[in-house]
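Asks: Below: one structure in structure tokens.
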Amino acid sequence: MHRLTLLAALLCPALAAVSSCVLPSQLDQRQFTNLSDPLYHPDNPNAGRMVQVSFASHQYALDILGSDIRISGSYRYQRLAPHIAEIGMIEAHPAGPARYTLLLAYLTVSEGRFYTQHDGPIAPPQRQNSGRWAMQP
């Protein structure tokens, strides 16, 4: 078993780096900077936007960078594997609540990809997005 792990690490250094990544057991006092892919879904009003998300006590604040927009909400975090986690979020959007899930997957020690599916007040009400996230310690 150890030989197979060593062989994989030698053949694929990126895989070795990701396999050593462990997402935190909780998000309190953590902050993420997320960038939505600009072309993933052309009718996505948030495509290409960068946001900063601050987590504390099952609540979060989302700041859309480059604007004065701040949205808050509640979340539920669950680490599914050492390098994969899910954040279920309910956003208190001014036009009505938005519900979505972020599935976090590591690419390097401090950043990864996220995938979301939304159900909310802004058209289209259901959509899938992807992007990159970076976690500050």
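In the structure tokens, the first chain shown is A, the next is B, and so on; residue numbers restart at 1 for each chain, and ligands run from 1 in the order shown.
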Write out as a PyMOL selection string the residues lying within 10 Å of Gly88 in chain A, counting only C-alpha atoms and excluding same-chain residues fewer than 5 positions away.
Replies: chain A and resi 74-78+99-103+116
Asks: Which residues come within 8 Å of range 48-64 of chain A, counting only C-alpha atoms, excluding same-chain residues fewer than 5 positions away, as an MDAnalysis selection string?
Replies: chainID A and resid 27:39 69:76
Asks: Check the smallest atom-to-atom distance from each of A:Ala98, A:Ala47, A:Leu23, A:Ile90 to Gly112 in chain A using only C-alpha atoms, then report the winner.
Replies: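 Counting only C-alpha atoms, the residue closest to Gly112 in chain A is A:Leu23.
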Asks: Determine, counting only C-alpha atoms, which protein, DNA and RNA residues have an atom within 8 Å of an atom of Gly96 in chain A; residues of the same chain fewer than 3 positions away are not included. Present the result as a PDB file with all heavy atoms, in the first residue's frame.
Replies:
```
ATOM      1  N   ALA A  92     -29.912  35.591   2.602  1.00  0.00           N
ATOM      2  CA  ALA A  92     -30.990  36.552   2.852  1.00  0.00           C
ATOM      3  C   ALA A  92     -30.896  37.663   1.806  1.00  0.00           C
ATOM      4  O   ALA A  92     -30.559  38.802   2.118  1.00  0.00           O
ATOM      5  CB  ALA A  92     -30.897  37.101   4.267  1.00  0.00           C
ATOM      6  N   HIS A  93     -31.183  37.328   0.553  1.00  0.00           N
ATOM      7  CA  HIS A  93     -31.123  38.296  -0.547  1.00  0.00           C
ATOM      8  C   HIS A  93     -32.286  39.273  -0.419  1.00  0.00           C
ATOM      9  O   HIS A  93     -33.393  38.883  -0.031  1.00  0.00           O
ATOM     10  CB  HIS A  93     -31.183  37.570  -1.891  1.00  0.00           C
ATOM     11  CG  HIS A  93     -30.837  38.428  -3.048  1.00  0.00           C
ATOM     12  ND1 HIS A  93     -31.724  39.279  -3.630  1.00  0.00           N
ATOM     13  CD2 HIS A  93     -29.670  38.567  -3.711  1.00  0.00           C
ATOM     14  CE1 HIS A  93     -31.141  39.908  -4.618  1.00  0.00           C
ATOM     15  NE2 HIS A  93     -29.884  39.498  -4.695  1.00  0.00           N
ATOM     16  N   GLY A 120     -33.181  30.635  -6.395  1.00  0.00           N
ATOM     17  CA  GLY A 120     -33.353  31.936  -5.764  1.00  0.00           C
ATOM     18  C   GLY A 120     -34.196  32.884  -6.576  1.00  0.00           C
ATOM     19  O   GLY A 120     -34.768  32.516  -7.598  1.00  0.00           O
ATOM     20  N   PRO A 121     -34.283  34.144  -6.130  1.00  0.00           N
ATOM     21  CA  PRO A 121     -35.199  35.115  -6.716  1.00  0.00           C
ATOM     22  C   PRO A 121     -34.719  35.771  -8.012  1.00  0.00           C
ATOM     23  O   PRO A 121     -35.493  36.404  -8.703  1.00  0.00           O
ATOM     24  CB  PRO A 121     -35.335  36.162  -5.614  1.00  0.00           C
ATOM     25  CG  PRO A 121     -34.013  36.125  -4.920  1.00  0.00           C
ATOM     26  CD  PRO A 121     -33.601  34.671  -4.958  1.00  0.00           C
TER      27      PRO A 121
END
```
Asks: Could you check which of A:His83, A:Val109, A:Leu104, A:Pro94 is closest to Ile122 in chain A, using only C-alpha atoms?
Replies: A:Pro94
